[in-house]
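What follows is one structure encoded as structure tokens, with my remarks underneath.
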Amino acid sequence: MTLSHESSQLAVVSGASTGMGRATAVELSRRGFDVLAGVRRASDGKALRQAGIEPVILDITEPDTIAALRDRIDSHHDERPLRVLVNNAGIAANAPVEALPLEVWRRVFEVNVFGQIALTQALLPALHRSGGRVVDISSTGGRIAMPAYGAYSGSKFAIEAISDAMRQELAPQGVQVVIVEPGGVRTAMGDRGSAVARDLHSQMTVEQHDRYDRLMAAFLSHSATFASEGVSAEEAAKVIARAATDRRPRTRYTIGRDAALLTRLARILPDRMMGRAIARTLRPHYPKA
């Protein structure tokens with residue numbers, strides 16, 4: 001069973017310029033929602049407009065854009081109540097903990113954690129009024145941390161905990177909180193993440209190159225394979241839309257068989273055994289000596 005919704009009901013999707021975010025905006029629109037799709041640049045909204053979706057400028061690290069979105073929703077709440085917030089915006093920056101500059105750590109957490117909290121706080125009053133739902137996009141990296149994923153997984157582990165706390169806080173108020181954990185998904189974010197990782201790799205010191213060159217080569221090879229074998233953004237969007245509309249949603253949804261397997265292993269394997277399993281997964285991707 002799914003939530004009943006009419007065309008006057010509103011959904012907000014952050015990070016909707018490309019990939020899962022854009023596909024989710026399209027899927028929710030197809031299911032009858034009016035969708036405000038957050039983009040950082042006006043030019044990113046062209047494809048969304050062609051799909052009949054309304055783009056809005058939204059940078060979740062910029063309070064002014066969040067406030068403008070909140071005010072716009074509040075001014076039309078009686079005619080178009082906010083029913084769903086999909087927190088999809090996020091970035092990746094992969095490098096070993098020792099070699100990742102502190103300003104990059106701060107940027108990852110500013111977007112993936114604090115920006116997401118800021119948007120949620122701003123829109124929760126509207127969700128309280130409508131008895132709506134928050135859908136937080138996490139990752140399998142929010143359950144398992146692999147080498148070179150310290151910052152990204154750290155931010156997603158944080159989102160998992162924050163979402164769990166918020167679900168318990170908001171349930172008595174009639175607002176639901178759901179986590180979605182994608183595995184491999186074929187999107188532009190993977191390409192951007194690899195480009196960022198290569199740039200971070202190039203900035204390492206000589207000593208760090210000696211320590212981590214082979215690991216970074218393995219990471220880049222593995223992440224490319226992981227993404228290429230993943231599901232399409234459109235398939236991922238269908239799962240996110242289910243999380244947004246199921247009448248009795250699960251607390252967590254996974255996207256892809258790999259995500260279902262990895263999250264299950266995370267629950268049952270001891271830490272060292274999981275570490276050995278991750279090492280075996282990476283081993284074929286290391287350059288030959």
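As shown in the structure tokens, the chain order sets the letters A, B, ...; within each chain, residues go from 1, and ligands are also counted from 1 in the order they appear.
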Could you pull out the residues in range 187-250 of chain A that DSSP calls helix (DSSP H, G or I) from the backbone, as an mmCIF file with N, CA, C and O atoms, in the first residue's frame?
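The result, stored in states_26.cif:
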data_model
loop_
_atom_site.group_PDB
_atom_site.id
_atom_site.type_symbol
_atom_site.label_atom_id
_atom_site.label_comp_id
_atom_site.auth_asym_id
_atom_site.auth_seq_id
_atom_site.Cartn_x
_atom_site.Cartn_y
_atom_site.Cartn_z
ATOM 1 N N ALA A 188 26.848 10.205 -12.588
ATOM 2 C CA ALA A 188 27.991 11.096 -12.789
ATOM 3 C C ALA A 188 28.766 11.317 -11.501
ATOM 4 O O ALA A 188 29.938 11.698 -11.538
ATOM 5 N N MET A 189 28.125 11.078 -10.339
ATOM 6 C CA MET A 189 28.822 11.293 -9.071
ATOM 7 C C MET A 189 30.046 10.386 -8.960
ATOM 8 O O MET A 189 31.069 10.775 -8.419
ATOM 9 N N GLY A 190 29.940 9.164 -9.481
ATOM 10 C CA GLY A 190 31.084 8.268 -9.440
ATOM 11 C C GLY A 190 32.256 8.806 -10.232
ATOM 12 O O GLY A 190 33.404 8.748 -9.786
ATOM 13 N N ASP A 191 31.978 9.363 -11.412
ATOM 14 C CA ASP A 191 33.043 9.959 -12.222
ATOM 15 C C ASP A 191 33.654 11.164 -11.523
ATOM 16 O O ASP A 191 34.874 11.346 -11.516
ATOM 17 N N ARG A 192 32.797 11.999 -10.943
ATOM 18 C CA ARG A 192 33.312 13.170 -10.216
ATOM 19 C C ARG A 192 34.145 12.740 -9.016
ATOM 20 O O ARG A 192 35.190 13.320 -8.724
ATOM 21 N N GLY A 193 33.673 11.703 -8.310
ATOM 22 C CA GLY A 193 34.425 11.222 -7.157
ATOM 23 C C GLY A 193 35.790 10.698 -7.539
ATOM 24 O O GLY A 193 36.782 10.937 -6.839
ATOM 25 N N SER A 194 35.880 9.990 -8.659
ATOM 26 C CA SER A 194 37.171 9.487 -9.115
ATOM 27 C C SER A 194 38.100 10.630 -9.499
ATOM 28 O O SER A 194 39.306 10.590 -9.213
ATOM 29 N N ALA A 195 37.546 11.664 -10.150
ATOM 30 C CA ALA A 195 38.365 12.822 -10.518
ATOM 31 C C ALA A 195 38.901 13.527 -9.280
ATOM 32 O O ALA A 195 40.076 13.934 -9.230
ATOM 33 N N VAL A 196 38.049 13.660 -8.245
ATOM 34 C CA VAL A 196 38.496 14.273 -6.989
ATOM 35 C C VAL A 196 39.583 13.421 -6.341
ATOM 36 O O VAL A 196 40.595 13.942 -5.844
ATOM 37 N N ALA A 197 39.403 12.112 -6.353
ATOM 38 C CA ALA A 197 40.395 11.219 -5.751
ATOM 39 C C ALA A 197 41.742 11.327 -6.469
ATOM 40 O O ALA A 197 42.799 11.335 -5.826
ATOM 41 N N ARG A 198 41.714 11.426 -7.788
ATOM 42 C CA ARG A 198 42.968 11.571 -8.532
ATOM 43 C C ARG A 198 43.654 12.886 -8.177
ATOM 44 O O ARG A 198 44.888 12.942 -8.039
ATOM 45 N N ASP A 199 42.876 13.932 -8.032
ATOM 46 C CA ASP A 199 43.448 15.229 -7.661
ATOM 47 C C ASP A 199 44.053 15.169 -6.257
ATOM 48 O O ASP A 199 45.159 15.671 -6.028
ATOM 49 N N LEU A 200 43.349 14.554 -5.327
ATOM 50 C CA LEU A 200 43.867 14.412 -3.964
ATOM 51 C C LEU A 200 45.138 13.561 -3.956
ATOM 52 O O LEU A 200 46.095 13.852 -3.233
ATOM 53 N N HIS A 201 45.146 12.526 -4.782
ATOM 54 C CA HIS A 201 46.323 11.670 -4.887
ATOM 55 C C HIS A 201 47.528 12.468 -5.375
ATOM 56 O O HIS A 201 48.643 12.322 -4.866
ATOM 57 N N SER A 202 47.290 13.346 -6.344
ATOM 58 C CA SER A 202 48.402 14.125 -6.906
ATOM 59 C C SER A 202 48.996 15.096 -5.893
ATOM 60 O O SER A 202 50.137 15.550 -6.063
ATOM 61 N N VAL A 206 55.715 12.986 -0.848
ATOM 62 C CA VAL A 206 56.511 11.854 -1.341
ATOM 63 C C VAL A 206 56.314 10.647 -0.441
ATOM 64 O O VAL A 206 56.137 9.511 -0.920
ATOM 65 N N GLU A 207 56.363 10.858 0.861
ATOM 66 C CA GLU A 207 56.189 9.739 1.800
ATOM 67 C C GLU A 207 54.799 9.120 1.667
ATOM 68 O O GLU A 207 54.645 7.888 1.719
ATOM 69 N N GLN A 208 53.792 9.960 1.495
ATOM 70 C CA GLN A 208 52.436 9.434 1.343
ATOM 71 C C GLN A 208 52.273 8.670 0.035
ATOM 72 O O GLN A 208 51.576 7.648 -0.016
ATOM 73 N N HIS A 209 52.940 9.136 -1.024
ATOM 74 C CA HIS A 209 52.921 8.366 -2.267
ATOM 75 C C HIS A 209 53.518 6.984 -2.037
ATOM 76 O O HIS A 209 52.975 5.977 -2.526
ATOM 77 N N ASP A 210 54.612 6.908 -1.317
ATOM 78 C CA ASP A 210 55.232 5.613 -1.050
ATOM 79 C C ASP A 210 54.282 4.692 -0.296
ATOM 80 O O ASP A 210 54.220 3.489 -0.568
ATOM 81 N N ARG A 211 53.534 5.273 0.633
ATOM 82 C CA ARG A 211 52.656 4.450 1.468
ATOM 83 C C ARG A 211 51.369 4.045 0.754
ATOM 84 O O ARG A 211 50.860 2.942 0.965
ATOM 85 N N TYR A 212 50.827 4.931 -0.087
ATOM 86 C CA TYR A 212 49.439 4.764 -0.506
ATOM 87 C C TYR A 212 49.207 4.692 -2.012
ATOM 88 O O TYR A 212 48.058 4.557 -2.450
ATOM 89 N N ASP A 213 50.251 4.752 -2.831
ATOM 90 C CA ASP A 213 50.020 4.726 -4.283
ATOM 91 C C ASP A 213 49.280 3.464 -4.716
ATOM 92 O O ASP A 213 48.340 3.520 -5.523
ATOM 93 N N ARG A 214 49.703 2.319 -4.207
ATOM 94 C CA ARG A 214 49.065 1.074 -4.628
ATOM 95 C C ARG A 214 47.614 1.008 -4.126
ATOM 96 O O ARG A 214 46.717 0.530 -4.836
ATOM 97 N N LEU A 215 47.385 1.502 -2.923
ATOM 98 C CA LEU A 215 46.013 1.534 -2.402
ATOM 99 C C LEU A 215 45.119 2.423 -3.254
ATOM 100 O O LEU A 215 43.986 2.044 -3.587
ATOM 101 N N MET A 216 45.612 3.613 -3.635
ATOM 102 C CA MET A 216 44.790 4.510 -4.439
ATOM 103 C C MET A 216 44.511 3.917 -5.816
ATOM 104 O O MET A 216 43.408 4.079 -6.357
ATOM 105 N N ALA A 217 45.470 3.218 -6.384
ATOM 106 C CA ALA A 217 45.239 2.550 -7.668
ATOM 107 C C ALA A 217 44.150 1.491 -7.517
ATOM 108 O O ALA A 217 43.267 1.356 -8.375
ATOM 109 N N ALA A 218 44.209 0.736 -6.421
ATOM 110 C CA ALA A 218 43.198 -0.292 -6.176
ATOM 111 C C ALA A 218 41.830 0.339 -5.945
ATOM 112 O O ALA A 218 40.806 -0.152 -6.450
ATOM 113 N N PHE A 219 41.795 1.438 -5.187
ATOM 114 C CA PHE A 219 40.522 2.124 -4.950
ATOM 115 C C PHE A 219 39.898 2.581 -6.261
ATOM 116 O O PHE A 219 38.698 2.375 -6.505
ATOM 117 N N LEU A 220 40.686 3.238 -7.115
ATOM 118 C CA LEU A 220 40.145 3.760 -8.370
ATOM 119 C C LEU A 220 39.643 2.639 -9.266
ATOM 120 O O LEU A 220 38.578 2.761 -9.897
ATOM 121 N N SER A 221 40.376 1.540 -9.329
ATOM 122 C CA SER A 221 39.954 0.411 -10.144
ATOM 123 C C SER A 221 38.675 -0.213 -9.588
ATOM 124 O O SER A 221 37.724 -0.492 -10.322
ATOM 125 N N HIS A 222 38.649 -0.419 -8.281
ATOM 126 C CA HIS A 222 37.480 -1.038 -7.650
ATOM 127 C C HIS A 222 36.246 -0.154 -7.778
ATOM 128 O O HIS A 222 35.158 -0.632 -8.096
ATOM 129 N N SER A 223 36.386 1.159 -7.551
ATOM 130 C CA SER A 223 35.221 2.042 -7.596
ATOM 131 C C SER A 223 34.659 2.123 -9.016
ATOM 132 O O SER A 223 33.436 2.180 -9.197
ATOM 133 N N ALA A 224 35.534 2.078 -10.019
ATOM 134 C CA ALA A 224 35.059 2.098 -11.403
ATOM 135 C C ALA A 224 34.263 0.833 -11.718
ATOM 136 O O ALA A 224 33.201 0.881 -12.346
ATOM 137 N N THR A 225 34.777 -0.310 -11.277
ATOM 138 C CA THR A 225 34.070 -1.582 -11.498
ATOM 139 C C THR A 225 32.754 -1.606 -10.742
ATOM 140 O O THR A 225 31.716 -2.016 -11.269
ATOM 141 N N PHE A 226 32.793 -1.162 -9.484
ATOM 142 C CA PHE A 226 31.608 -1.154 -8.621
ATOM 143 C C PHE A 226 30.491 -0.332 -9.249
ATOM 144 O O PHE A 226 29.331 -0.755 -9.300
ATOM 145 N N ALA A 227 30.843 0.843 -9.768
ATOM 146 C CA ALA A 227 29.833 1.709 -10.378
ATOM 147 C C ALA A 227 29.323 1.137 -11.695
ATOM 148 O O ALA A 227 28.118 1.150 -11.968
ATOM 149 N N SER A 228 30.232 0.623 -12.518
ATOM 150 C CA SER A 228 29.821 0.133 -13.837
ATOM 151 C C SER A 228 28.893 -1.068 -13.735
ATOM 152 O O SER A 228 28.066 -1.297 -14.623
ATOM 153 N N ALA A 233 20.362 4.902 -12.544
ATOM 154 C CA ALA A 233 19.761 5.920 -11.688
ATOM 155 C C ALA A 233 18.245 5.775 -11.658
ATOM 156 O O ALA A 233 17.603 6.025 -10.627
ATOM 157 N N GLU A 234 17.655 5.371 -12.772
ATOM 158 C CA GLU A 234 16.202 5.213 -12.835
ATOM 159 C C GLU A 234 15.727 4.068 -11.956
ATOM 160 O O GLU A 234 14.681 4.180 -11.281
ATOM 161 N N GLU A 235 16.489 2.958 -11.928
ATOM 162 C CA GLU A 235 16.141 1.859 -11.022
ATOM 163 C C GLU A 235 16.258 2.298 -9.574
ATOM 164 O O GLU A 235 15.406 1.968 -8.735
ATOM 165 N N ALA A 236 17.326 3.031 -9.260
ATOM 166 C CA ALA A 236 17.505 3.538 -7.903
ATOM 167 C C ALA A 236 16.354 4.452 -7.510
ATOM 168 O O ALA A 236 15.859 4.409 -6.375
ATOM 169 N N ALA A 237 15.914 5.293 -8.443
ATOM 170 C CA ALA A 237 14.842 6.240 -8.154
ATOM 171 C C ALA A 237 13.540 5.530 -7.791
ATOM 172 O O ALA A 237 12.770 6.033 -6.955
ATOM 173 N N LYS A 238 13.280 4.383 -8.370
ATOM 174 C CA LYS A 238 12.054 3.646 -8.043
ATOM 175 C C LYS A 238 12.066 3.182 -6.585
ATOM 176 O O LYS A 238 11.032 3.197 -5.907
ATOM 177 N N VAL A 239 13.243 2.784 -6.093
ATOM 178 C CA VAL A 239 13.350 2.379 -4.689
ATOM 179 C C VAL A 239 13.155 3.592 -3.779
ATOM 180 O O VAL A 239 12.453 3.531 -2.760
ATOM 181 N N ILE A 240 13.774 4.713 -4.155
ATOM 182 C CA ILE A 240 13.630 5.932 -3.345
ATOM 183 C C ILE A 240 12.171 6.373 -3.320
ATOM 184 O O ILE A 240 11.643 6.772 -2.271
ATOM 185 N N ALA A 241 11.492 6.283 -4.448
ATOM 186 C CA ALA A 241 10.076 6.658 -4.506
ATOM 187 C C ALA A 241 9.232 5.740 -3.636
ATOM 188 O O ALA A 241 8.269 6.189 -2.992
ATOM 189 N N ARG A 242 9.574 4.459 -3.590
ATOM 190 C CA ARG A 242 8.863 3.544 -2.691
ATOM 191 C C ARG A 242 9.080 3.955 -1.246
ATOM 192 O O ARG A 242 8.143 3.967 -0.439
ATOM 193 N N ALA A 243 10.326 4.288 -0.901
ATOM 194 C CA ALA A 243 10.610 4.742 0.462
ATOM 195 C C ALA A 243 9.824 5.989 0.807
ATOM 196 O O ALA A 243 9.452 6.209 1.968
ATOM 197 N N ALA A 244 9.554 6.807 -0.195
ATOM 198 C CA ALA A 244 8.828 8.060 0.016
ATOM 199 C C ALA A 244 7.322 7.863 0.092
ATOM 200 O O ALA A 244 6.619 8.726 0.649
ATOM 201 N N THR A 245 6.801 6.759 -0.445
ATOM 202 C CA THR A 245 5.348 6.633 -0.582
ATOM 203 C C THR A 245 4.745 5.402 0.077
ATOM 204 O O THR A 245 3.522 5.355 0.250
#
Residues of range 55-207 of chain A in strand (DSSP E or B), written as a tab-separated table (two decimals) with all heavy atoms, in the first residue's frame:
chain	number	residue	atom	x	y	z
A	55	PRO	N	12.58	23.31	-11.20
A	55	PRO	CA	13.86	23.42	-10.50
A	55	PRO	C	13.89	24.65	-9.59
A	55	PRO	O	13.26	25.67	-9.90
A	55	PRO	CB	14.87	23.55	-11.63
A	55	PRO	CG	14.10	24.20	-12.74
A	55	PRO	CD	12.68	23.75	-12.60
A	56	VAL	N	14.60	24.53	-8.47
A	56	VAL	CA	14.81	25.67	-7.58
A	56	VAL	C	16.29	25.72	-7.22
A	56	VAL	O	16.94	24.68	-7.08
A	56	VAL	CB	13.96	25.57	-6.30
A	56	VAL	CG1	12.48	25.69	-6.61
A	56	VAL	CG2	14.24	24.27	-5.55
A	57	ILE	N	16.81	26.93	-7.11
A	57	ILE	CA	18.21	27.06	-6.70
A	57	ILE	C	18.33	26.67	-5.24
A	57	ILE	O	17.66	27.26	-4.37
A	57	ILE	CB	18.70	28.51	-6.92
A	57	ILE	CG1	18.64	28.87	-8.41
A	57	ILE	CG2	20.13	28.67	-6.40
A	57	ILE	CD1	19.50	28.00	-9.30
A	82	LEU	N	3.71	20.21	1.90
A	82	LEU	CA	4.92	19.43	1.70
A	82	LEU	C	4.74	18.06	2.34
A	82	LEU	O	4.54	17.94	3.54
A	82	LEU	CB	6.11	20.14	2.33
A	82	LEU	CG	7.45	19.39	2.26
A	82	LEU	CD1	7.90	19.22	0.81
A	82	LEU	CD2	8.53	20.12	3.07
A	83	ARG	N	4.84	17.03	1.51
A	83	ARG	CA	4.66	15.66	2.00
A	83	ARG	C	5.97	14.88	2.11
A	83	ARG	O	6.09	13.99	2.94
A	83	ARG	CB	3.71	14.90	1.06
A	83	ARG	CG	2.29	15.40	1.09
A	83	ARG	CD	1.60	15.01	2.39
A	83	ARG	NE	1.35	13.58	2.43
A	83	ARG	CZ	1.16	12.88	3.55
A	83	ARG	NH1	1.23	13.46	4.71
A	83	ARG	NH2	0.91	11.59	3.51
A	84	VAL	N	6.94	15.23	1.28
A	84	VAL	CA	8.18	14.42	1.24
A	84	VAL	C	9.38	15.33	1.06
A	84	VAL	O	9.37	16.23	0.20
A	84	VAL	CB	8.14	13.40	0.07
A	84	VAL	CG1	9.47	12.64	-0.01
A	84	VAL	CG2	6.98	12.42	0.23
A	85	LEU	N	10.41	15.09	1.86
A	85	LEU	CA	11.73	15.68	1.65
A	85	LEU	C	12.71	14.56	1.39
A	85	LEU	O	12.88	13.66	2.24
A	85	LEU	CB	12.18	16.48	2.88
A	85	LEU	CG	13.67	16.85	2.94
A	85	LEU	CD1	14.05	17.76	1.76
A	85	LEU	CD2	14.01	17.52	4.26
A	86	VAL	N	13.35	14.57	0.22
A	86	VAL	CA	14.40	13.59	-0.10
A	86	VAL	C	15.74	14.29	0.00
A	86	VAL	O	16.07	15.16	-0.83
A	86	VAL	CB	14.21	12.99	-1.51
A	86	VAL	CG1	15.33	11.99	-1.82
A	86	VAL	CG2	12.85	12.31	-1.63
A	87	ASN	N	16.51	13.93	1.01
A	87	ASN	CA	17.85	14.50	1.22
A	87	ASN	C	18.86	13.71	0.41
A	87	ASN	O	19.43	12.72	0.88
A	87	ASN	CB	18.21	14.45	2.71
A	87	ASN	CG	17.60	15.58	3.50
A	87	ASN	OD1	17.66	16.74	3.10
A	87	ASN	ND2	16.99	15.26	4.62
A	133	ARG	N	7.11	13.08	5.43
A	133	ARG	CA	8.17	12.07	5.55
A	133	ARG	C	9.50	12.64	5.10
A	133	ARG	O	9.57	13.38	4.12
A	133	ARG	CB	7.81	10.85	4.70
A	133	ARG	CG	8.77	9.68	4.82
A	133	ARG	CD	8.26	8.47	4.06
A	133	ARG	NE	6.93	8.06	4.54
A	133	ARG	CZ	6.22	7.07	4.00
A	133	ARG	NH1	6.70	6.41	2.95
A	133	ARG	NH2	5.03	6.76	4.49
A	134	VAL	N	10.57	12.24	5.83
A	134	VAL	CA	11.95	12.55	5.45
A	134	VAL	C	12.59	11.28	4.92
A	134	VAL	O	12.53	10.24	5.58
A	134	VAL	CB	12.75	13.07	6.66
A	134	VAL	CG1	14.21	13.36	6.24
A	134	VAL	CG2	12.11	14.32	7.25
A	135	VAL	N	13.18	11.35	3.74
A	135	VAL	CA	13.93	10.22	3.18
A	135	VAL	C	15.38	10.65	3.06
A	135	VAL	O	15.72	11.53	2.26
A	135	VAL	CB	13.37	9.82	1.80
A	135	VAL	CG1	14.18	8.65	1.22
A	135	VAL	CG2	11.89	9.44	1.90
A	136	ASP	N	16.24	10.05	3.87
A	136	ASP	CA	17.66	10.39	3.88
A	136	ASP	C	18.43	9.38	3.04
A	136	ASP	O	18.37	8.17	3.30
A	136	ASP	CB	18.21	10.37	5.32
A	136	ASP	CG	17.75	11.59	6.11
A	136	ASP	OD1	17.46	12.62	5.50
A	136	ASP	OD2	17.68	11.49	7.36
A	137	ILE	N	19.16	9.88	2.05
A	137	ILE	CA	19.96	9.00	1.20
A	137	ILE	C	21.32	8.80	1.85
A	137	ILE	O	22.13	9.72	1.95
A	137	ILE	CB	20.13	9.58	-0.22
A	137	ILE	CG1	18.76	9.94	-0.80
A	137	ILE	CG2	20.86	8.57	-1.11
A	137	ILE	CD1	17.77	8.79	-0.88
A	176	GLN	N	7.49	10.59	9.56
A	176	GLN	CA	8.29	9.38	9.39
A	176	GLN	C	9.66	9.72	8.82
A	176	GLN	O	9.80	10.66	8.04
A	176	GLN	CB	7.57	8.39	8.47
A	176	GLN	CG	6.24	7.91	9.03
A	176	GLN	CD	5.43	7.14	8.01
A	176	GLN	OE1	5.32	7.55	6.86
A	176	GLN	NE2	4.87	6.01	8.42
A	177	VAL	N	10.66	8.93	9.21
A	177	VAL	CA	12.02	9.09	8.70
A	177	VAL	C	12.50	7.75	8.17
A	177	VAL	O	12.43	6.73	8.88
A	177	VAL	CB	12.99	9.59	9.80
A	177	VAL	CG1	14.41	9.72	9.25
A	177	VAL	CG2	12.50	10.93	10.36
A	178	VAL	N	12.97	7.75	6.94
A	178	VAL	CA	13.40	6.52	6.26
A	178	VAL	C	14.80	6.73	5.70
A	178	VAL	O	15.13	7.81	5.21
A	178	VAL	CB	12.42	6.17	5.11
A	178	VAL	CG1	12.84	4.85	4.44
A	178	VAL	CG2	10.99	6.07	5.63
A	179	ILE	N	15.62	5.69	5.79
A	179	ILE	CA	16.98	5.72	5.24
A	179	ILE	C	17.02	4.85	3.99
A	179	ILE	O	16.47	3.74	3.98
A	179	ILE	CB	18.00	5.20	6.27
A	179	ILE	CG1	17.99	6.06	7.54
A	179	ILE	CG2	19.40	5.14	5.67
A	179	ILE	CD1	18.80	5.46	8.68
A	180	VAL	N	17.69	5.34	2.96
A	180	VAL	CA	17.92	4.55	1.75
A	180	VAL	C	19.43	4.38	1.58
A	180	VAL	O	20.18	5.36	1.64
A	180	VAL	CB	17.33	5.23	0.50
A	180	VAL	CG1	17.64	4.40	-0.75
A	180	VAL	CG2	15.81	5.39	0.65
A	181	GLU	N	19.87	3.14	1.36
A	181	GLU	CA	21.29	2.81	1.28
A	181	GLU	C	21.62	2.25	-0.11
A	181	GLU	O	21.48	1.05	-0.35
A	181	GLU	CB	21.64	1.78	2.35
A	181	GLU	CG	21.41	2.30	3.77
A	181	GLU	CD	21.41	1.22	4.83
A	181	GLU	OE1	21.13	0.04	4.50
A	181	GLU	OE2	21.70	1.55	5.99
A	182	PRO	N	22.04	3.11	-1.03
A	182	PRO	CA	22.42	2.62	-2.36
A	182	PRO	C	23.76	1.89	-2.32
A	182	PRO	O	24.67	2.25	-1.56
A	182	PRO	CB	22.53	3.90	-3.20
A	182	PRO	CG	21.89	4.99	-2.38
A	182	PRO	CD	22.07	4.57	-0.96
A	185	VAL	N	25.67	2.51	-8.18
A	185	VAL	CA	24.68	3.13	-9.07
A	185	VAL	C	25.46	3.87	-10.15
A	185	VAL	O	26.43	4.58	-9.87
A	185	VAL	CB	23.78	4.13	-8.31
A	185	VAL	CG1	22.76	4.75	-9.27
A	185	VAL	CG2	23.05	3.43	-7.16
A	186	ARG	N	25.02	3.70	-11.39
A	186	ARG	CA	25.71	4.33	-12.51
A	186	ARG	C	25.28	5.79	-12.62
A	186	ARG	O	24.24	6.10	-13.19
A	186	ARG	CB	25.41	3.58	-13.81
A	186	ARG	CG	25.82	2.12	-13.78
A	186	ARG	CD	25.75	1.48	-15.16
A	186	ARG	NE	24.42	1.51	-15.73
A	186	ARG	CZ	23.49	0.59	-15.52
A	186	ARG	NH1	23.75	-0.44	-14.71
A	186	ARG	NH2	22.30	0.68	-16.09
**Given only C-alpha atoms as the counted atoms, nearest of A:Val231, A:Ile73, A:Val97, A:Ala158 to Asn112 in chain A** =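 Answer, going by the shortest atom-to-atom distance: A:Ala158.
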With a distance cut-off of 10 Å and only C-alpha atoms, select the neighbouring residues of Phe157 in chain A, excluding the residue or stretch itself and same-chain residues fewer than 6 positions from it, and output the selection as an mmCIF file with C-alpha atoms, in the first residue's frame.
data_model
loop_
_atom_site.group_PDB
_atom_site.id
_atom_site.type_symbol
_atom_site.label_atom_id
_atom_site.label_comp_id
_atom_site.auth_asym_id
_atom_site.auth_seq_id
_atom_site.Cartn_x
_atom_site.Cartn_y
_atom_site.Cartn_z
ATOM 1 C CA VAL A 113 25.937 16.143 7.265
ATOM 2 C CA SER A 138 22.829 7.228 2.920
ATOM 3 C CA SER A 139 25.053 4.553 1.329
ATOM 4 C CA THR A 140 26.462 1.112 1.907
ATOM 5 C CA GLY A 141 29.409 3.276 2.981
ATOM 6 C CA GLY A 142 27.250 4.234 5.944
ATOM 7 C CA ARG A 143 27.414 0.646 7.176
ATOM 8 C CA ILE A 144 30.874 -0.468 5.988
ATOM 9 C CA ALA A 145 34.021 1.671 5.798
ATOM 10 C CA ALA A 151 35.593 10.936 5.097
ATOM 11 C CA SER A 163 18.336 9.555 10.981
#
**Asked** Can you tell me how far CA of Leu10 in chain A sits from CA of Ala171 in chain A, in Å to one decimal?
**Response** 20.5 Å
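Closest to Thr263 in chain A among A:Gly183, A:Asp246, A:Val175, A:Asp64 is A:Gly183, based on only C-alpha atoms.
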**Prompt:** Between CA of Glu79 in chain A and CA of Glu54 in chain A, what is the distance, to one decimal in Å?
**Reply:** 16.5 Å
**Request:** Mind checking which residues fall within 10 Å of Val26 in chain A, counting only C-alpha atoms, ignoring those fewer than 4 positions away in the same chain, and posting them as a PyMOL selection string?
**Result:** chain A and resi 16+20-22+30-31+33+35+37+48+51-53+234+237-238+241
**Prompt:** Using only C-alpha atoms, which residue out of A:Met146, A:Ala67, A:Ala259, A:Leu100 lies closest to Met274 in chain A?
**Reply:**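 Ranking A:Met146, A:Ala67, A:Ala259, A:Leu100 by distance to Met274 in chain A, first place goes to A:Met146.
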**Request:** Counting only C-alpha atoms, figure out which residue out of A:Ile278, A:Ala126, A:Leu102, A:Leu119 gets nearest to Pro81 in chain A.
**Result:**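 Among the listed residues, A:Ala126 lies closest to Pro81 in chain A.
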**Length of the CA of Val111 in chain A to CA of Thr61 in chain A vector [Å]** =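 Calculated distance between CA of Val111 in chain A and CA of Thr61 in chain A is 6.2 Å.
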**Message:** Could you check the closest approach to Pro172 in chain A for each of A:Gly275, A:Gly131, A:Pro63, A:Gly184 and tell me which residue wins, using only C-alpha atoms?
**Reply:** A:Gly131
**Contact residues around Gly115 in chain A with only C-alpha atoms at 12 Å, ignoring same-chain residues under 3 positions, as a ChimeraX atom specification** = /A:14-15,58-63,65-66,87-91,106-112,118-122,155,159
**Asked** Residues at most 8 Å from Asp34 in chain A, counting only C-alpha atoms, excluding those fewer than 2 positions away in the same chain, as JSON, numbers by chain?
**Response** {"A": [7, 8, 9, 10, 11, 28, 29, 32, 36, 53]}
Residues of the last selection are to be written out with C-alpha atoms, as an mmCIF file, in the first residue's frame.
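Once everything was written out, this is again-v2.cif:
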data_model
loop_
_atom_site.group_PDB
_atom_site.id
_atom_site.type_symbol
_atom_site.label_atom_id
_atom_site.label_comp_id
_atom_site.auth_asym_id
_atom_site.auth_seq_id
_atom_site.Cartn_x
_atom_site.Cartn_y
_atom_site.Cartn_z
ATOM 1 C CA SER A 7 -1.111 16.573 -7.767
ATOM 2 C CA SER A 8 -1.307 19.383 -5.172
ATOM 3 C CA GLN A 9 1.024 17.549 -2.804
ATOM 4 C CA LEU A 10 4.644 18.596 -2.809
ATOM 5 C CA ALA A 11 7.978 16.783 -2.709
ATOM 6 C CA LEU A 28 7.997 11.302 -7.948
ATOM 7 C CA SER A 29 6.502 13.589 -10.578
ATOM 8 C CA GLY A 32 1.641 12.543 -9.082
ATOM 9 C CA LEU A 36 10.693 21.152 -6.328
ATOM 10 C CA ILE A 53 9.541 19.490 -13.027
#
